[in-house]
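Enquirer: Before I ask anything, let me first share the structure, which is written out below as C-alpha cells.
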Protein chains: 2
Amino acid sequence: MALADAPQKSSPVEGTVQQAQEQAEKSEDRKKRVVILGSGWGATAVMQGLDTSLYETIIVSPRNYFLFTPLLPGVCVGTVEGRSISEAVRKMIVNAKSSAKYQEAEAISIDPKNQQVLCKDTSAISVTGKDSFALDYDYLVVAVGAETNTFGTPGVKEHAYFLKEIDDADKIREKVIDCFETACLPSTTEEEKRRLLHFIVVGGGPTGCEFAAELHDLVEEDLKRLYPECAPYTKVTLVQSADHILNTFDQRISDYATKHFLRSDINVKVSCRVINVTDRTLTIWDKWKKQKEELEFGVTVWATGIGTRPLVSDLMEKIGQSDRRALLTDEWLRVKGTQGIYAIGDCATVQQRSLVEDVTYLFKLADKDGDGKLTYDELAKVLSEVKERFPQVEHHLSKSGLRILLHDFAEDPSKITLDIDAFTKALSKIDSQVKALPATAQVASQEGTYLAKALNHMAERNIVPEGPMRIRGEGRHLCHPFRYKHFGQFTTLGGGEASVELPGDWVSSGRSTMWLWYSVYASKQVSWRTRCLVVMDWMKAALFGRDSSRM
Amino acid sequence: MALADAPQKSSPVEGTVQQAQEQAEKSEDRKKRVVILGSGWGATAVMQGLDTSLYETIIVSPRNYFLFTPLLPGVCVGTVEGRSISEAVRKMIVNAKSSAKYQEAEAISIDPKNQQVLCKDTSAISVTGKDSFALDYDYLVVAVGAETNTFGTPGVKEHAYFLKEIDDADKIREKVIDCFETACLPSTTEEEKRRLLHFIVVGGGPTGCEFAAELHDLVEEDLKRLYPECAPYTKVTLVQSADHILNTFDQRISDYATKHFLRSDINVKVSCRVINVTDRTLTIWDKWKKQKEELEFGVTVWATGIGTRPLVSDLMEKIGQSDRRALLTDEWLRVKGTQGIYAIGDCATVQQRSLVEDVTYLFKLADKDGDGKLTYDELAKVLSEVKERFPQVEHHLSKSGLRILLHDFAEDPSKITLDIDAFTKALSKIDSQVKALPATAQVASQEGTYLAKALNHMAERNIVPEGPMRIRGEGRHLCHPFRYKHFGQFTTLGGGEASVELPGDWVSSGRSTMWLWYSVYASKQVSWRTRCLVVMDWMKAALFGRDSSRM
C-alpha cells in the first residue's frame with residue numbers, strides 16, 4: 001500500500017521480499033513523484049522522455065496498452081489488426097529502459113488542494129471493497145484524452161458506433177459483415193437489403209474520410225466478390241456539416257478528395273447536420289436546401305466531435321474552469337489555477353497569449369527614446385525580442401513581412417511613426433494569426449516530449465533560466481514555452497490513393513503519396529514489434545484480401 | 001425467397017438480374033438439394049468434397065467461419081491470433097470452386113417428416129419479424145457439433161470459462177491479463193494476489209493439458225518479466241477426474257506429460273471431481289483422500305465434457321432417440337429412424353454393429369458343409385469375408401491373430417471345431433474391440449469427406465453397388481460403410497515440448513516432437529492464408545513474445 005502514502009511517508013512491513021521493496025521505495029521516496037494519467041500519445045511520450053532516476057513515475061490508465069490511433073480506421077475493415085497497432089504500456093516501459101510503474105486503474109477524481117488522485121479498478125476483475133486507492137503526487141500529468149462528442153444529437157449514443165478504441169473498431173467490423181450476411185438471407189426483402197447495405201459515416205474530418213474510404217475498399221475489393229448477390233445494393237455515404245470535407249486541410253486536398261470520392265461512388269453530403277438517429281434511420285438537415293432528409297442505414301459510424309471526460313469536467317469545476325471543453329493551460333502546459341498539474345493532448349487547450357493583452361508593456365519596451373512614438377526600427381526590434389514569447393509574431397512575419405503589416409499605416413513603412421493606438425491595431429492584426437492547436441496525435445506527442453524534457457531539466461533551469469524574458473516582470477522565464485511544430489498531415493482516400501500536406505505549402509495526392517503514407521506510418525510505429533506487424537498486415541491484406549469472418 | 005420454397009417450385013419475378021438468378025435457380029431446381037448444418041470440421045469437409053454440379057448445396061451456420069479448433073488453446077495466450085486459425089465459409093467455398101450457398105443463420109428445428117429445417121438469424125443485426133425462414137431438403141447433413149457439458153456442476157456456467165469458440169479464447173486472454181493487472185494494484189492484499197494469480201484448468205484431456213501448458217508458458221516466458229512483482233504468486237493447477245491425465249493417449253505419453261508438468265511446476269490434481277464453483281472458489285472431491293478441498297482462483301477454464309445442442313435434442317425427441325447424448329447413425333452415417341438425414345462429428349455416434357447380433361446368420365454363412373460345426377478354415381474364411389462389414393474383425397486379427405483368439409478353445413487352433421455357442425463366445429471376444437469413435441476433428445473431417453464422396457457417387461452405386469455383402473439380406477450394400485482411419489494424435493506440453501502417438505505403436509515426446517507438431521499443424525491448415533498467418537504468428541511470438549494488451 002506504499003503507493004497510497006505520501007511520498008515522504010512510509011511504514012515498516014515485514015518479510016524479506018517486502019523489506020527489499022520497501023527499501024527501494026524508501027530510497028525513491030526522496031525523489032519527487034510524477035503521476036501520469038492516460039496511456040495515449042501524450043502520456044506515453046512523457047513516460048518515454050522522463051528521466052526516472054530523477055522522478056518516481058507512476059502511470060495510471062484503465063487501458064493497459066498504447067494505441068496507434070491514426071490506423072484505427074483500418075482495423076474496422078481488417079487492413080490491419082488491432083494488436084498490430086497497440087503496444088502494452090509495460091512493454092513500452094521496458095523498451096524505454098524506464099523504471100516507471102504502471103497501474104491499471106481509472107483516475108476517478110483529482111484533489112488539487114491535497115495533491116492526490118483517487119483511482120479505481122474499473123475492469124471486470126477487481127477485488128470487491130478494495131478496488132480503489134489514492135495516489136499522492138508532486139507533479140500530475142493529465143493526458144486522458146477526450147470522449148466523442150454527440151453534440152446532444154438524440155439517438156447517437158444508442159444507435160451509432162464511435163471510432164476511438166479497438167473495441168469500437170471490432171464492433172464496427174463485426175456489424176458490417178453481419179449486415180452483409182443478413183442481406184443474403186432468403187427472408188430479407190429487397191428494400192431491407194438496400195437499407196442494410198447502406199453505411200453512413202458522420203464527420204468529414206480525416207477519421208471520417210479515411211474510414212469511409214477504407215469501408216468502400218473493403219466492399220469493392222473483398223465483399224462484393226464473397227457476397228455477389230449484395231453487389232447491386234451497397235452504398236457508402238459521408239455526412240459533413242461544413243461545406244466541404246477535410247476542412248482542416250489545404251483547399252486543393254479537400255477538392256481532390258471530393259472528386260476522388262465522387263469517382264469511387266462514395267456519396268458525399270456536405271452542409272448537412274445530423275439532427276436525429278434511430279435504429280434504422282438518420283435524419284439530416286440540409287443547410288442549403290433548407291429541408292430535412294431521412295437516410296435508412298445498416299451501420300452508422302459517428303466520427304466527429306471532441307467531448308470532455310468526467311474526470312476533466314470534475315477537475316475544471318474545482319479550479320474554476322467549469323464552462324470549458326478542455327483544461328486551459330499556459331504555454332508551459334501548466335493547468336491554470338493549479339499547482340503542479342500539467343495537461344496535454346485532447347483534454348487540454350494551450351492558452352496562447354495575445355500581444356494586445358500586453359500592449360502597454362510592449363509599447364514601453366519598444367519606445368526606447370520615450371517619445372511616445374515608435375519608429376520602424378523600434379518596432380522591428382521589439383518584435384524580434386518578443387517573438388519567442390509570442391509565436392504569432394514569427395508566423396506573421398514569416399508569411400507577410402513587417403512591411404505588408406504596416407502598409408495600412410503609411411505609404412512608405414520605413415518612415416512610419418506609430419502611436420499606441422496604431423500600435424495596438426498592428427498587434428491585433430498579428431494576433432489574428434493565433435490558432436488553437438488541433439486535437440491530433442502529433443500535438444499530444446510533442447506536448448508529452450516537451451513536458452518530459454522540461455521536468456528533467458527543472459533543477460538546472462531553476463539556477464540558469466533559459467526561457468524568454470518576462471514581459472510584465474523582471475528576468476527570464478525558467479523554460480522555453482511549448483511550441484508546436486507542424487510536420488504536415490496525411491489522409492488516405494481509398495483505392496490506393498492518399499493526400500499529404502507538408503510545411504512550406506507542399507501538397508500532393510495520388511498513388512505515390514500512398515507509398516509515402518505507408519513508409520511514414522510504418523516508421524512512426526512505437527516499437528519494432530508493431531512496425532513488423534503493421535507491415536505484415538498490409539502485405540497480408542494485399543495478398544489474401546481482408547478477412548470476412550464475423551468474430 | 002426461392003430458398004424457402006420446395007426445390008421443385010419456383011415463382012416468376014420481374015427485373016433482369018432477378019430473371020437471370022431465377023433462371024439459374026430453375027435449372028438448379030432439377031438437382032436435389034443438400035442442406036449442411038454447421039461450419040466446423042465435418043460441415044466444411046462435406047462442402048469441400050460435394051460435387052455442386054450434382055447437388056444444390058446450402059450451408060447454414062450462425063458462425064460464418066471455420067475454426068481450426070486444435071490451435072484454440074494458443075489463442076487464449078496469444079501464441080496464435082484468432083483470425084489466423086479461421087477462414088470465412090464463403091472464402092472456403094470460393095477456394096473449393098464450389099457453387100454452394102452459405103446462409104448465416106441458426107437451424108432452430110428440423111422437421112424430418114416434411115424434410116424441412118427452420119432457420120433463424122440469431123445475430124445482433126437481423127430484420128425484425130423477418131428473421132426466420134424454412135429450407136426444404138432432400139438430404140440433410142447435421143454437423144452442428146456439441147456444447148460443453150458441465151455435468152450439472154453448480155456454478156460452472158456462471159463462473160468458469162469454456163474453450164470452444166474464438167470468443168471464449170479472447171475472454172480468457174483478457175481475464176488472465178486483468179488478474180495480473182489487478183494483482184499489481186497497491187490496494188490488493190497479498191492473499192488476494194495469491195488468489196488472483198491462481199489459474200485452474202478443469203479437464204485432463206488434450207484441450208485441458210494444452211491450455212494449462214500454454215498458460216504456464218505465457219506466465220513464465222512473458223508475464224513474469226512484465227509483472228515482476230507478481231512472480232512469487234502465480235500458480236497453474238490442472239484438475240482431472242480420472243486417475244491420470246491424457247487418458248485417451250498411450251500410457252507412456254500420459255506418464256511423460258505428468259512428469260513434465262511436475263517439472264514445470266504445474267500442479268496436477270488427478271482423481272478429483274469438481275463439485276461446486278463460485279466466483280472465487282472451486283470445490284473438488286478427492287476420490288483417493290475421500291475429502292473435499294477448496295481452491296481459490298482468479299480464472300477457471302472448463303475444458304471437459306461434451307453436451308448436446310438444443311437442435312439435436314429436439315430432433316432426437318422427434319425420432320425416438322431421446323435418451324441419448326448424440327444422434328445415433330448407422331455405419332453409412334444415416335441417422336437411424338429418419339429419411340435423408342445424415343449426422344457427423346461431435347453431434348453423432350456411429351453405431352458399430354456387433355458380430356454377436358448376427359451370430360446365426362454368420363454361422364450359417366460359415367458352415368459351408370452344413371455340419372453344425374466350424375473348422376479353422378471355415379472360420380478364417382467367413383471372418384475374412386465379413387471383415388469389411390465388421391471392422392473389429394480386422395482390428396482384432398491384426399493385433400492378436402486368429403490363433404490367439406482360438407487359444408481358449410483348443411490347444412491346437414488349427415484342429416478346432418466350434419459349435420454355435422463357442423462361435424458366439426469367440427465373436428463376443430472380437431466385439432470387445434469395438435470402440436466408440438472419439439469426438440475429434442479428425443473423425444468429423446473424415447466423416448465429412450466420406451459423406452461427400454458417398455453422395456457424389458450415389459447415382460452410380462444405385463446401378464453398381466460396391467458395398468459389402470448384406471448379412472441378413474440378398475446382394476450387396478450400395479456403398480462401403482464409413483471407416484475411421486486413425487492417423488495418430490498430438491498434444492503440446494509447454495516449454496517447447498510435445499508428445500505424439502502414431503499408428504503402429506509409435507510414441508515420441510520432447511522437443512523434436514514439437515517441431516513435428518509445428519509442421520503437421522501448419523500443413524493441416526485449411527488455406528494458404530491461414531497457413532502463412534499461423535506460421536507468422538509462431539515466429540512473432542518467438543521474436544517479440546506474447547502481447548499482454550488487454551483488449
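Chain lettering (A, B, ...) mirrors the order of the C-alpha cells, residue numbering begins at 1 for each chain separately, and ligand numbering begins at 1 in order of display.
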Do a neighbour search on A:Ala169 at 8 Å with only C-alpha atoms, toss out local chain neighbours closer than 6 positions, and write the hits as a list of chain:residue names.

Expert: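 The residues that qualify are A:Leu72, A:Pro73, A:Val75, A:Cys76, A:Leu163.
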
Enquirer: Write the residues of the selection above to a file with N, CA, C and O atoms, as a PDB file, in the first residue's frame.

Expert:
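Contents of selection-v1.pdb, as written:
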```
ATOM      1  N   LEU A  72      -6.536   3.317 -36.808  1.00  0.00           N
ATOM      2  CA  LEU A  72      -7.756   2.667 -36.329  1.00  0.00           C
ATOM      3  C   LEU A  72      -8.805   2.440 -37.434  1.00  0.00           C
ATOM      4  O   LEU A  72      -9.433   1.377 -37.452  1.00  0.00           O
ATOM      5  N   PRO A  73      -9.001   3.402 -38.357  1.00  0.00           N
ATOM      6  CA  PRO A  73      -9.994   3.114 -39.418  1.00  0.00           C
ATOM      7  C   PRO A  73      -9.702   1.808 -40.159  1.00  0.00           C
ATOM      8  O   PRO A  73     -10.625   1.104 -40.561  1.00  0.00           O
ATOM      9  N   VAL A  75      -8.489  -0.895 -38.870  1.00  0.00           N
ATOM     10  CA  VAL A  75      -8.868  -2.049 -38.047  1.00  0.00           C
ATOM     11  C   VAL A  75     -10.339  -2.407 -38.266  1.00  0.00           C
ATOM     12  O   VAL A  75     -10.725  -3.570 -38.221  1.00  0.00           O
ATOM     13  N   CYS A  76     -11.167  -1.385 -38.538  1.00  0.00           N
ATOM     14  CA  CYS A  76     -12.604  -1.617 -38.753  1.00  0.00           C
ATOM     15  C   CYS A  76     -12.864  -2.528 -39.939  1.00  0.00           C
ATOM     16  O   CYS A  76     -13.928  -3.128 -40.046  1.00  0.00           O
ATOM     17  N   LEU A 163     -15.573   5.692 -32.961  1.00  0.00           N
ATOM     18  CA  LEU A 163     -14.332   5.182 -33.543  1.00  0.00           C
ATOM     19  C   LEU A 163     -13.152   5.734 -32.753  1.00  0.00           C
ATOM     20  O   LEU A 163     -12.386   6.554 -33.247  1.00  0.00           O
TER      21      LEU A 163
END
```

Enquirer: Quick one: residues within 10 Å of stretch 297-301 of chain A, only C-alpha atoms, excluding same-chain residues fewer than 5 positions away - as number ranges by chain?

Expert: A: 156, 159-163, 168-169, 172, 175-176, 178-180, 183, 192-203, 208, 211-212, 235-238, 277-282; B: 125

Enquirer: Using only C-alpha atoms and a distance of at most 8 Å, pull out the residues of chain B that contact chain A, as a compact mmCIF listing (two decimals) with N, CA, C and O atoms, in the first residue's frame.

Expert:
```txt
# COMPACT_ATOMS: atom_id res chain seq x y z
N MET B 1 -36.94 -15.20 -52.07
CA MET B 1 -37.49 -16.18 -51.14
C MET B 1 -37.47 -17.59 -51.72
O MET B 1 -38.10 -18.50 -51.20
N ALA B 2 -36.75 -17.73 -52.85
CA ALA B 2 -36.76 -19.01 -53.55
C ALA B 2 -36.30 -20.15 -52.63
O ALA B 2 -36.80 -21.25 -52.73
N LEU B 3 -35.36 -19.83 -51.74
CA LEU B 3 -34.80 -20.87 -50.89
C LEU B 3 -35.85 -21.49 -49.97
O LEU B 3 -35.75 -22.64 -49.57
N ALA B 4 -36.86 -20.68 -49.64
CA ALA B 4 -37.86 -21.18 -48.71
C ALA B 4 -38.83 -22.13 -49.40
O ALA B 4 -39.56 -22.88 -48.75
N ARG B 63 -22.16 -19.27 -37.34
CA ARG B 63 -20.77 -18.80 -37.33
C ARG B 63 -20.28 -18.81 -38.77
O ARG B 63 -20.20 -19.88 -39.37
N ASN B 64 -19.97 -17.63 -39.32
CA ASN B 64 -19.68 -17.57 -40.75
C ASN B 64 -18.24 -17.95 -41.10
O ASN B 64 -17.77 -17.64 -42.18
N TYR B 65 -17.56 -18.61 -40.18
CA TYR B 65 -16.20 -19.02 -40.48
C TYR B 65 -15.91 -20.40 -39.89
O TYR B 65 -16.56 -20.83 -38.94
N ARG B 83 -7.86 -14.81 -35.86
CA ARG B 83 -8.10 -14.72 -37.30
C ARG B 83 -7.14 -15.59 -38.11
O ARG B 83 -7.40 -15.90 -39.26
N SER B 86 -8.82 -19.08 -38.53
CA SER B 86 -10.19 -19.19 -39.02
C SER B 86 -10.24 -18.76 -40.47
O SER B 86 -9.42 -17.97 -40.93
N GLU B 87 -11.18 -19.31 -41.18
CA GLU B 87 -11.33 -18.97 -42.59
C GLU B 87 -12.84 -18.81 -42.85
O GLU B 87 -13.64 -19.65 -42.43
N ALA B 88 -13.21 -17.71 -43.50
CA ALA B 88 -14.62 -17.46 -43.79
C ALA B 88 -15.18 -18.58 -44.65
O ALA B 88 -14.51 -19.04 -45.59
N VAL B 89 -16.38 -19.04 -44.34
CA VAL B 89 -17.01 -20.11 -45.11
C VAL B 89 -17.12 -19.72 -46.58
O VAL B 89 -16.82 -20.51 -47.48
N ARG B 90 -17.50 -18.47 -46.83
CA ARG B 90 -17.64 -18.02 -48.22
C ARG B 90 -16.31 -18.09 -48.97
O ARG B 90 -16.27 -18.39 -50.16
N LYS B 91 -15.22 -17.80 -48.26
CA LYS B 91 -13.90 -17.87 -48.87
C LYS B 91 -13.58 -19.33 -49.17
O LYS B 91 -13.02 -19.64 -50.23
N VAL B 94 -15.33 -20.37 -52.28
CA VAL B 94 -14.62 -19.86 -53.47
C VAL B 94 -13.36 -20.69 -53.71
O VAL B 94 -13.11 -21.14 -54.84
N GLN B 103 -25.69 -19.50 -45.78
CA GLN B 103 -26.67 -18.65 -45.09
C GLN B 103 -26.25 -18.53 -43.63
O GLN B 103 -26.19 -19.54 -42.93
N GLU B 104 -26.00 -17.29 -43.18
CA GLU B 104 -25.63 -17.10 -41.78
C GLU B 104 -26.88 -17.10 -40.91
O GLU B 104 -27.52 -16.06 -40.73
N ASP B 121 -32.12 -16.01 -38.06
CA ASP B 121 -30.94 -15.14 -37.94
C ASP B 121 -30.83 -14.73 -36.48
O ASP B 121 -31.58 -13.89 -36.01
N SER B 123 -28.13 -13.40 -35.07
CA SER B 123 -27.08 -12.40 -34.84
C SER B 123 -27.69 -11.07 -34.41
O SER B 123 -28.91 -10.89 -34.47
N ALA B 124 -26.84 -10.13 -34.00
CA ALA B 124 -27.32 -8.84 -33.49
C ALA B 124 -28.10 -8.09 -34.56
O ALA B 124 -29.12 -7.48 -34.28
N ILE B 125 -27.60 -8.12 -35.78
CA ILE B 125 -28.31 -7.43 -36.86
C ILE B 125 -29.19 -8.42 -37.60
O ILE B 125 -28.72 -9.36 -38.24
N SER B 126 -30.50 -8.27 -37.43
CA SER B 126 -31.45 -9.12 -38.14
C SER B 126 -32.66 -8.26 -38.43
O SER B 126 -32.82 -7.19 -37.86
N VAL B 127 -33.48 -8.71 -39.34
CA VAL B 127 -34.64 -7.90 -39.71
C VAL B 127 -35.83 -8.35 -38.88
O VAL B 127 -36.27 -9.49 -38.98
N LYS B 130 -38.78 -10.70 -39.75
CA LYS B 130 -38.44 -11.46 -40.96
C LYS B 130 -37.11 -12.17 -40.76
O LYS B 130 -36.29 -12.24 -41.66
N ASP B 131 -36.91 -12.65 -39.55
CA ASP B 131 -35.60 -13.21 -39.25
C ASP B 131 -35.57 -14.73 -39.34
O ASP B 131 -34.57 -15.34 -39.03
N SER B 132 -36.71 -15.35 -39.74
CA SER B 132 -36.63 -16.80 -39.90
C SER B 132 -37.16 -17.24 -41.27
O SER B 132 -37.92 -16.52 -41.91
N PHE B 133 -36.69 -18.39 -41.68
CA PHE B 133 -37.09 -18.91 -42.98
C PHE B 133 -36.98 -20.43 -42.94
O PHE B 133 -36.22 -20.98 -42.13
N ILE B 166 -13.69 -18.80 -30.59
CA ILE B 166 -12.75 -17.69 -30.53
C ILE B 166 -13.10 -16.72 -29.40
O ILE B 166 -12.23 -16.23 -28.68
N ASP B 167 -14.39 -16.48 -29.28
CA ASP B 167 -14.88 -15.56 -28.28
C ASP B 167 -14.46 -16.01 -26.87
O ASP B 167 -14.06 -15.19 -26.04
N LYS B 175 -9.12 -11.94 -19.35
CA LYS B 175 -9.28 -12.11 -17.91
C LYS B 175 -7.94 -12.43 -17.23
O LYS B 175 -7.69 -11.97 -16.12
N ASP B 178 -6.14 -9.30 -16.92
CA ASP B 178 -6.83 -8.48 -15.92
C ASP B 178 -6.44 -8.91 -14.51
O ASP B 178 -6.22 -8.08 -13.63
N CYS B 179 -6.34 -10.23 -14.29
CA CYS B 179 -5.91 -10.73 -12.97
C CYS B 179 -4.52 -10.21 -12.62
O CYS B 179 -4.28 -9.79 -11.49
N GLU B 181 -3.06 -7.50 -13.75
CA GLU B 181 -3.11 -6.05 -13.52
C GLU B 181 -3.71 -5.75 -12.15
O GLU B 181 -3.19 -4.91 -11.41
N THR B 182 -4.79 -6.45 -11.81
CA THR B 182 -5.43 -6.20 -10.52
C THR B 182 -4.49 -6.59 -9.37
O THR B 182 -4.43 -5.91 -8.35
N CYS B 184 -1.43 -6.26 -9.28
CA CYS B 184 -0.37 -5.26 -9.14
C CYS B 184 -0.83 -3.98 -8.46
O CYS B 184 -0.01 -3.11 -8.20
N LEU B 185 -2.13 -3.84 -8.24
CA LEU B 185 -2.61 -2.58 -7.66
C LEU B 185 -2.19 -2.49 -6.20
O LEU B 185 -2.14 -3.51 -5.50
N PRO B 186 -1.92 -1.28 -5.71
CA PRO B 186 -1.48 -1.14 -4.32
C PRO B 186 -2.56 -1.52 -3.33
O PRO B 186 -2.27 -1.84 -2.18
N SER B 187 -3.82 -1.52 -3.78
CA SER B 187 -4.93 -1.83 -2.86
C SER B 187 -5.14 -3.34 -2.71
O SER B 187 -5.94 -3.77 -1.89
N THR B 188 -4.43 -4.17 -3.49
CA THR B 188 -4.65 -5.61 -3.44
C THR B 188 -3.79 -6.25 -2.35
O THR B 188 -2.57 -6.07 -2.35
N GLU B 192 -5.15 -11.82 -1.64
CA GLU B 192 -5.91 -11.66 -2.89
C GLU B 192 -5.00 -11.88 -4.09
O GLU B 192 -5.42 -12.43 -5.11
N LEU B 226 7.09 -8.91 -17.37
CA LEU B 226 6.37 -7.64 -17.40
C LEU B 226 5.74 -7.30 -16.06
O LEU B 226 5.44 -6.15 -15.77
N ARG B 529 -3.77 -18.91 -46.77
CA ARG B 529 -3.83 -17.73 -45.92
C ARG B 529 -3.58 -18.11 -44.46
O ARG B 529 -2.65 -17.61 -43.82
N PHE B 544 8.92 -11.64 -30.53
CA PHE B 544 8.52 -10.48 -29.74
C PHE B 544 7.82 -10.85 -28.44
O PHE B 544 7.44 -9.98 -27.67
N ASP B 547 1.65 -10.80 -26.65
CA ASP B 547 1.20 -9.46 -26.33
C ASP B 547 0.35 -9.48 -25.05
O ASP B 547 -0.50 -10.35 -24.89
N SER B 548 0.59 -8.53 -24.16
CA SER B 548 -0.19 -8.51 -22.92
C SER B 548 -1.19 -7.37 -22.89
O SER B 548 -1.69 -7.01 -21.83
N SER B 549 -1.48 -6.80 -24.06
CA SER B 549 -2.52 -5.76 -24.09
C SER B 549 -3.86 -6.40 -23.76
O SER B 549 -4.19 -7.45 -24.29
N ARG B 550 -4.61 -5.75 -22.90
CA ARG B 550 -5.90 -6.33 -22.50
C ARG B 550 -6.98 -5.73 -23.38
O ARG B 550 -7.52 -4.69 -23.10
N MET B 551 -7.25 -6.40 -24.51
CA MET B 551 -8.28 -5.88 -25.42
C MET B 551 -9.28 -6.97 -25.75
O MET B 551 -9.11 -8.09 -25.42
```

Enquirer: Could you pull the residues within 10 Å of stretch 285-293 of chain B, counting only C-alpha atoms, minus those fewer than 4 positions along the same chain, as a compact mmCIF listing (two decimals) with all heavy atoms, in the first residue's frame?

Expert:
```txt
# COMPACT_ATOMS: atom_id res chain seq x y z
N SER B 241 -10.56 -35.71 -13.39
CA SER B 241 -11.36 -36.64 -12.59
C SER B 241 -10.85 -38.08 -12.70
O SER B 241 -10.97 -38.85 -11.76
CB SER B 241 -12.83 -36.56 -13.00
OG SER B 241 -12.96 -36.95 -14.33
N ALA B 242 -10.27 -38.44 -13.84
CA ALA B 242 -9.71 -39.80 -13.97
C ALA B 242 -8.40 -39.87 -13.17
O ALA B 242 -7.93 -38.87 -12.65
CB ALA B 242 -9.45 -40.10 -15.43
N ASP B 243 -7.82 -41.07 -13.11
CA ASP B 243 -6.64 -41.20 -12.25
C ASP B 243 -5.32 -40.85 -12.95
O ASP B 243 -4.26 -40.91 -12.34
CB ASP B 243 -6.57 -42.58 -11.58
CG ASP B 243 -6.44 -43.68 -12.62
OD1 ASP B 243 -6.44 -43.35 -13.83
OD2 ASP B 243 -6.35 -44.86 -12.23
N LYS B 269 -3.82 -32.32 -10.28
CA LYS B 269 -4.65 -33.00 -9.28
C LYS B 269 -5.50 -34.04 -9.99
O LYS B 269 -6.50 -33.70 -10.62
CB LYS B 269 -5.57 -31.98 -8.59
CG LYS B 269 -4.86 -31.12 -7.58
CD LYS B 269 -5.85 -30.34 -6.74
CE LYS B 269 -5.16 -29.68 -5.56
NZ LYS B 269 -4.69 -30.61 -4.54
N VAL B 270 -5.09 -35.32 -9.88
CA VAL B 270 -5.87 -36.38 -10.53
C VAL B 270 -6.88 -36.97 -9.55
O VAL B 270 -6.82 -36.69 -8.35
CB VAL B 270 -4.96 -37.49 -11.11
CG1 VAL B 270 -4.18 -36.97 -12.29
CG2 VAL B 270 -4.05 -38.04 -10.04
N SER B 271 -7.83 -37.73 -10.09
CA SER B 271 -8.89 -38.37 -9.28
C SER B 271 -9.65 -37.34 -8.45
O SER B 271 -10.05 -37.62 -7.33
CB SER B 271 -8.31 -39.44 -8.35
OG SER B 271 -7.73 -40.47 -9.12
N CYS B 272 -9.81 -36.16 -9.00
CA CYS B 272 -10.54 -35.11 -8.29
C CYS B 272 -11.72 -34.67 -9.14
O CYS B 272 -11.54 -34.32 -10.31
CB CYS B 272 -9.65 -33.92 -8.00
SG CYS B 272 -8.44 -34.26 -6.72
N ARG B 273 -12.88 -34.69 -8.57
CA ARG B 273 -14.07 -34.30 -9.30
C ARG B 273 -14.51 -32.92 -8.78
O ARG B 273 -14.53 -32.69 -7.57
CB ARG B 273 -15.19 -35.31 -9.05
CG ARG B 273 -16.29 -35.32 -10.09
CD ARG B 273 -17.08 -36.62 -10.02
NE ARG B 273 -17.49 -36.89 -8.65
CZ ARG B 273 -18.56 -36.34 -8.06
NH1 ARG B 273 -19.33 -35.50 -8.72
NH2 ARG B 273 -18.86 -36.64 -6.82
N VAL B 274 -14.85 -32.02 -9.70
CA VAL B 274 -15.30 -30.69 -9.27
C VAL B 274 -16.75 -30.82 -8.83
O VAL B 274 -17.58 -31.39 -9.55
CB VAL B 274 -15.19 -29.68 -10.43
CG1 VAL B 274 -15.72 -28.31 -10.00
CG2 VAL B 274 -13.75 -29.57 -10.88
N ILE B 275 -17.07 -30.32 -7.65
CA ILE B 275 -18.46 -30.43 -7.20
C ILE B 275 -19.15 -29.07 -7.07
O ILE B 275 -20.36 -29.00 -7.02
CB ILE B 275 -18.59 -31.22 -5.88
CG1 ILE B 275 -17.68 -30.65 -4.78
CG2 ILE B 275 -18.30 -32.71 -6.09
CD1 ILE B 275 -17.85 -31.34 -3.44
N ASN B 276 -18.39 -28.00 -7.08
CA ASN B 276 -19.03 -26.69 -6.99
C ASN B 276 -18.05 -25.59 -7.44
O ASN B 276 -16.86 -25.70 -7.22
CB ASN B 276 -19.48 -26.42 -5.55
CG ASN B 276 -20.39 -25.20 -5.46
OD1 ASN B 276 -21.26 -25.04 -6.31
ND2 ASN B 276 -20.15 -24.36 -4.49
N THR B 281 -14.03 -19.54 -5.66
CA THR B 281 -13.55 -20.84 -5.18
C THR B 281 -14.11 -22.00 -6.00
O THR B 281 -15.21 -21.93 -6.53
CB THR B 281 -13.93 -21.12 -3.71
OG1 THR B 281 -15.35 -21.05 -3.61
CG2 THR B 281 -13.29 -20.15 -2.75
```

Enquirer: For A:Glu147, list every protein, DNA or RNA residue within 7 Å, evaluated using only C-alpha atoms, and leave out those in the same chain fewer than 5 positions away; present the list as an MDAnalysis selection string.

Expert: chainID A and resid 306:309

Enquirer: Got time to write the residues from that selection, C-alpha atoms, as a PDB file, in the first residue's frame?

Expert:
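Output saved as part.pdb:
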```pdb
ATOM      1  CA  ILE A 306     -14.459  16.024 -29.105  1.00  0.00           C
ATOM      2  CA  GLY A 307     -16.145  15.885 -25.716  1.00  0.00           C
ATOM      3  CA  THR A 308     -14.949  16.177 -22.139  1.00  0.00           C
ATOM      4  CA  ARG A 309     -14.289  13.171 -19.909  1.00  0.00           C
TER       5      ARG A 309
END
```

Enquirer: Out of stretch 392-538 of chain B, which residues get strand (DSSP E) from DSSP, as a PyMOL selection string?

Expert: chain B and resi 417-418+489-494+497-502+506-510

Enquirer: What's the 6 Å shell around stretch 32-36 of chain B, counting only C-alpha atoms, without same-chain residues fewer than 5 positions away, as an MDAnalysis selection string?

Expert: chainID B and resid 55:59 137:141

Enquirer: Return as a VMD selection string the full set of residues in stretch 185-421 of chain B whose backbone-based DSSP assignment is helix (DSSP H, G or I).

Expert: chain B and resid 190 to 196 206 to 226 228 to 233 251 to 263 310 to 318 345 to 347 356 to 366 376 to 386 391 to 399 402 to 406 413 to 415 420 to 421

Enquirer: With distances taken over only C-alpha atoms, which residue among A:Trp41, A:Leu118, A:Gly305, A:Met47 lies nearest A:Phe151?

Expert: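 Closest to A:Phe151, using only C-alpha atoms: A:Gly305.
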
Enquirer: Using only C-alpha atoms, which protein or nucleic acid residues come within 10 Å of stretch 442-450 of chain A? Drop anything in the same chain fewer than 3 positions from it, and give the result as an MDAnalysis selection string.

Expert: chainID A and resid 40:50 141 143 145 332:333 343:348 437:439 453:456 480:489

Enquirer: Write out as JSON, numbers by chain which residues come within 8 Å of B:Gln351 when counting only C-alpha atoms, dropping same-chain ones fewer than 2 positions away.

Expert: {"B": [328, 329, 330, 331, 349, 353]}

Enquirer: Would you work out the distance separating atom CA of A:Leu478 from atom CA of A:Met458, expressed in Å to one decimal?

Expert: 8.1 Å

Enquirer: Restricting the calculation to only C-alpha atoms: of A:Arg324, A:His395, A:Arg470, A:Lys31, which residue gets closest to A:Leu362?

Expert: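 Result for the nearest residue to A:Leu362: A:Arg470.
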